[in-house]
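**Q** Provided below: entry.tsv, containing TSV, C-alpha atoms.
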```tsv
chain	number	residue	atom	x	y	z
A	1	MET	CA	15.23	-7.90	6.41
A	2	THR	CA	12.72	-5.15	7.09
A	3	SER	CA	12.68	-2.92	10.13
A	4	ALA	CA	9.90	-2.97	12.69
A	5	PRO	CA	6.99	-0.63	12.02
A	6	GLN	CA	7.28	2.79	13.59
A	7	LYS	CA	5.01	3.18	16.61
A	8	GLY	CA	5.33	6.92	17.15
A	9	ASP	CA	6.89	10.11	15.88
A	10	ARG	CA	10.00	11.82	17.13
A	11	THR	CA	9.59	15.47	17.99
A	12	ILE	CA	13.20	16.33	17.21
A	13	SER	CA	15.44	15.18	14.39
A	14	LYS	CA	17.46	12.06	15.11
A	15	HIS	CA	20.45	13.85	13.56
A	16	ARG	CA	20.53	16.59	16.22
A	17	ASN	CA	23.45	16.21	18.61
A	18	GLN	CA	21.15	16.39	21.66
A	19	LEU	CA	19.39	13.19	20.64
A	20	ARG	CA	19.57	10.38	23.13
A	21	ARG	CA	18.98	7.18	21.26
A	22	LYS	CA	18.04	5.13	24.31
A	23	GLU	CA	16.17	6.47	27.28
A	24	MET	CA	15.48	4.49	30.40
A	25	SER	CA	13.48	7.24	32.06
A	26	ILE	CA	11.22	9.99	30.83
A	27	THR	CA	12.61	12.27	33.54
A	28	ASN	CA	16.05	12.09	31.93
A	29	SER	CA	14.96	12.47	28.35
A	30	CYS	CA	13.37	15.92	28.02
A	31	ASN	CA	12.00	14.27	24.87
A	32	ARG	CA	15.24	14.48	22.95
A	33	GLY	CA	14.54	11.49	20.80
A	34	PRO	CA	12.03	8.95	22.10
A	35	PRO	CA	8.95	8.80	19.88
A	36	TRP	CA	5.67	10.12	21.23
A	37	ASN	CA	2.62	8.26	19.98
A	38	TRP	CA	0.01	11.03	19.85
A	39	PRO	CA	1.50	13.08	16.94
A	40	LEU	CA	1.23	10.10	14.59
A	41	GLY	CA	-2.53	10.59	14.19
A	42	TYR	CA	-2.06	14.22	13.18
A	43	PHE	CA	0.62	13.25	10.67
A	44	LEU	CA	-1.61	10.57	9.16
A	45	ARG	CA	-4.60	12.93	8.96
A	46	ALA	CA	-2.42	15.42	7.06
A	47	LEU	CA	-1.16	12.64	4.79
A	48	LEU	CA	-4.74	11.56	4.11
A	49	LYS	CA	-5.91	15.08	3.33
A	50	PHE	CA	-3.04	16.34	1.21
A	51	ASP	CA	-2.07	13.13	-0.55
A	52	SER	CA	-5.68	12.45	-1.53
A	53	MET	CA	-5.93	16.02	-2.89
A	54	ARG	CA	-3.06	15.37	-5.30
A	55	ARG	CA	-4.34	11.95	-6.35
A	56	THR	CA	-7.34	12.16	-8.63
A	57	THR	CA	-8.10	8.51	-9.40
A	58	SER	CA	-9.63	5.90	-7.13
A	59	GLU	CA	-6.45	3.83	-7.57
A	60	GLY	CA	-4.38	6.78	-6.33
A	61	LYS	CA	-6.64	7.34	-3.35
A	62	THR	CA	-6.44	3.61	-2.58
A	63	GLU	CA	-2.64	3.95	-2.58
A	64	THR	CA	-2.96	6.77	-0.03
A	65	LEU	CA	-5.08	4.52	2.20
A	66	GLN	CA	-2.55	1.69	1.81
A	67	GLN	CA	0.28	4.02	2.91
A	68	ILE	CA	-1.71	4.99	5.98
A	69	ALA	CA	-2.55	1.37	6.78
A	70	LYS	CA	1.16	0.50	6.54
A	71	ARG	CA	2.02	3.25	9.02
A	72	LEU	CA	-0.68	2.02	11.41
A	73	ALA	CA	0.90	-1.45	11.71
A	74	GLY	CA	3.10	-0.44	14.68
A	75	PRO	CA	0.33	1.18	16.74
A	76	LYS	CA	-2.04	-1.70	15.98
A	77	GLN	CA	0.58	-4.16	17.25
A	78	MET	CA	1.12	-2.05	20.38
A	79	ILE	CA	-2.63	-2.08	21.11
A	80	HIS	CA	-2.73	-5.84	20.55
A	81	ASP	CA	0.27	-6.49	22.83
A	82	SER	CA	-0.70	-4.08	25.61
A	83	PRO	CA	-2.51	-5.43	28.68
A	84	TRP	CA	-4.31	-2.07	28.64
A	85	ALA	CA	-5.27	-2.47	24.95
A	86	GLY	CA	-3.94	1.04	24.38
A	87	LEU	CA	-1.05	3.10	23.13
A	88	GLN	CA	1.81	4.17	25.37
A	89	GLU	CA	2.47	7.87	25.82
A	90	LEU	CA	6.00	7.49	24.45
A	91	THR	CA	8.48	4.72	23.77
A	92	ASN	CA	12.19	4.13	23.85
A	93	GLU	CA	14.28	3.53	20.73
A	94	GLY	CA	12.61	1.24	18.21
A	95	GLY	CA	9.28	1.33	20.05
A	96	ALA	CA	10.69	-0.40	23.13
A	97	PHE	CA	8.77	-0.11	26.39
A	98	CYS	CA	9.44	3.01	28.48
A	99	SER	CA	8.76	2.31	32.14
A	100	ASP	CA	8.10	5.97	33.02
A	101	SER	CA	5.53	6.40	30.25
A	102	CYS	CA	1.80	6.15	30.81
A	103	PRO	CA	0.79	2.70	29.48
A	104	SER	CA	-2.39	3.92	27.78
A	105	GLN	CA	-2.93	7.49	26.61
A	106	ALA	CA	-6.42	8.42	25.42
A	107	TRP	CA	-5.25	11.16	23.07
A	108	SER	CA	-2.78	8.81	21.40
A	109	ALA	CA	-5.64	6.52	20.44
A	110	SER	CA	-8.11	9.32	19.72
A	111	THR	CA	-5.94	10.89	17.03
A	112	LEU	CA	-5.78	7.52	15.28
A	113	ILE	CA	-9.55	7.11	15.57
A	114	ASP	CA	-9.84	10.47	13.79
A	115	VAL	CA	-7.75	9.06	10.93
A	116	TYR	CA	-10.06	6.06	10.59
A	117	GLU	CA	-13.14	8.28	10.71
A	118	GLU	CA	-11.83	10.60	7.98
A	119	ALA	CA	-10.67	7.69	5.84
A	120	ALA	CA	-14.11	6.08	6.09
A	121	ALA	CA	-15.71	9.32	4.89
A	122	MET	CA	-13.31	9.62	1.94
A	123	LYS	CA	-14.81	9.18	-1.50
A	124	LEU	CA	-12.95	6.81	-3.76
```
Can you present the structure in this file as structure tokens?
**A**
Amino acid sequence: MTSAPQKGDRTISKHRNQLRRKEMSITNSCNRGPPWNWPLGYFLRALLKFDSMRRTTSEGKTETLQQIAKRLAGPKQMIHDSPWAGLQELTNEGGAFCSDSCPSQAWSASTLIDVYEEAAAMKL
């Protein structure tokens, strides 16, 4: 059995003792665990840049793009499932809905659009 695709990135290690695995309210969390969606785009842009620098063949660069596509499965599903057709600001454990989170954050989507734009410009 495989786990559900990650929808966002945690901003603190899940091994820290302050981590709260389940948050019902953003006001209680102080972001000690729930994944934010906007950093994912920056992570994927860095992965695209640095992984494609170390891979010299078109097959290697294709592998980089496949890794990015795999990591985009969660956000793509969130956009599909959202009545707002957007990405939530942050989620609860496992990408679960967080009622205190904004249902559609522009910068969450814009960082992923940047990934697509840079990937499209990449030379294989």
**Q** Edge lengths and centre, in Å to one decimal, as JSON: that's what I need for the box along x, y and z that holds all listed atoms of stretch 109-118 of chain A plus 5 Å on each side.
**A**
```
{"center_x": -9.4, "center_y": 8.5, "center_z": 14.2, "size_x": 17.5, "size_y": 14.8, "size_z": 22.5}
```
**Q** Please return, as number ranges by chain, all polymer residues that have at least one atom within 10 Å of the point (-1.7, 10.2, 9.6); use all atoms listed in the file and the file's own coordinate frame.
**A** A: 39-49, 65, 67-69, 71-72, 111-112, 114-116
**Q** Might you pull out every residue within 7 Å of stretch 77-87 of chain A, with all atoms listed in the file counted and same-chain residues fewer than 2 positions away left off, and present them as an mmCIF file with C-alpha atoms, in the frame of the given file?
**A**
```cif
data_model
loop_
_atom_site.group_PDB
_atom_site.id
_atom_site.type_symbol
_atom_site.label_atom_id
_atom_site.label_comp_id
_atom_site.auth_asym_id
_atom_site.auth_seq_id
_atom_site.Cartn_x
_atom_site.Cartn_y
_atom_site.Cartn_z
ATOM 1 C CA ALA A 73 0.900 -1.450 11.710
ATOM 2 C CA GLY A 74 3.100 -0.440 14.680
ATOM 3 C CA PRO A 75 0.330 1.180 16.740
ATOM 4 C CA GLU A 89 2.470 7.870 25.820
ATOM 5 C CA PRO A 103 0.790 2.700 29.480
ATOM 6 C CA SER A 104 -2.390 3.920 27.780
ATOM 7 C CA GLN A 105 -2.930 7.490 26.610
ATOM 8 C CA SER A 108 -2.780 8.810 21.400
ATOM 9 C CA ALA A 109 -5.640 6.520 20.440
#
```
**Q** One number please: atom CA of A:Gln66 to atom CA of A:Trp107, in Å, one decimal.
**A**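 Calculated distance between atom CA of A:Gln66 and atom CA of A:Trp107 is 23.4 Å.
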**Q** Between atom CA of A:Trp38 and atom CA of A:Ala119, what is the spacing in Å?
**A**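 Distance reported for this atom pair: 17.9 Å.
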**Q** In Å, how far is it from atom CA of A:Lys61 to atom CA of A:Met122?
**A**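 About the pair atom CA of A:Lys61 and atom CA of A:Met122: they are 8.8 Å apart.
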**Q** Excluding A:Leu90 and residues on its chain fewer than 2 positions from it, collect all residues at most 8 Å away from it, counting all atoms listed in the file, and give them as a ChimeraX atom specification.
**A** /A:8,34-37,88,92,98,101-102
**Q** Can you give me N, CA and C atoms for stretch 52-65 of chain A, written as a CSV table (one decimal), in the coordinates of the input?
**A**
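Written out: out_13.csv:
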```csv
chain,number,residue,atom,x,y,z
A,52,SER,N,-4.5,12.7,-0.7
A,52,SER,CA,-5.7,12.4,-1.5
A,52,SER,C,-6.1,13.6,-2.4
A,53,MET,N,-5.7,14.9,-2.0
A,53,MET,CA,-5.9,16.0,-2.9
A,53,MET,C,-5.1,16.0,-4.2
A,54,ARG,N,-3.9,15.4,-4.1
A,54,ARG,CA,-3.1,15.4,-5.3
A,54,ARG,C,-3.4,14.2,-6.2
A,55,ARG,N,-4.0,13.2,-5.6
A,55,ARG,CA,-4.3,12.0,-6.4
A,55,ARG,C,-5.8,12.1,-6.8
A,56,THR,N,-6.0,11.9,-8.1
A,56,THR,CA,-7.3,12.2,-8.6
A,56,THR,C,-8.1,10.9,-9.0
A,57,THR,N,-7.4,9.8,-9.0
A,57,THR,CA,-8.1,8.5,-9.4
A,57,THR,C,-8.4,7.7,-8.1
A,58,SER,N,-9.3,6.8,-8.3
A,58,SER,CA,-9.6,5.9,-7.1
A,58,SER,C,-8.4,5.0,-6.8
A,59,GLU,N,-7.7,4.6,-7.8
A,59,GLU,CA,-6.4,3.8,-7.6
A,59,GLU,C,-5.4,4.6,-6.7
A,60,GLY,N,-5.3,5.9,-7.1
A,60,GLY,CA,-4.4,6.8,-6.3
A,60,GLY,C,-4.8,7.0,-4.9
A,61,LYS,N,-6.1,7.2,-4.7
A,61,LYS,CA,-6.6,7.3,-3.4
A,61,LYS,C,-6.5,6.0,-2.5
A,62,THR,N,-6.6,4.9,-3.2
A,62,THR,CA,-6.4,3.6,-2.6
A,62,THR,C,-5.0,3.5,-2.1
A,63,GLU,N,-4.1,4.0,-2.9
A,63,GLU,CA,-2.6,4.0,-2.6
A,63,GLU,C,-2.4,4.8,-1.3
A,64,THR,N,-3.1,5.9,-1.2
A,64,THR,CA,-3.0,6.8,0.0
A,64,THR,C,-3.4,6.0,1.2
A,65,LEU,N,-4.6,5.3,1.1
A,65,LEU,CA,-5.1,4.5,2.2
A,65,LEU,C,-4.1,3.4,2.6
```
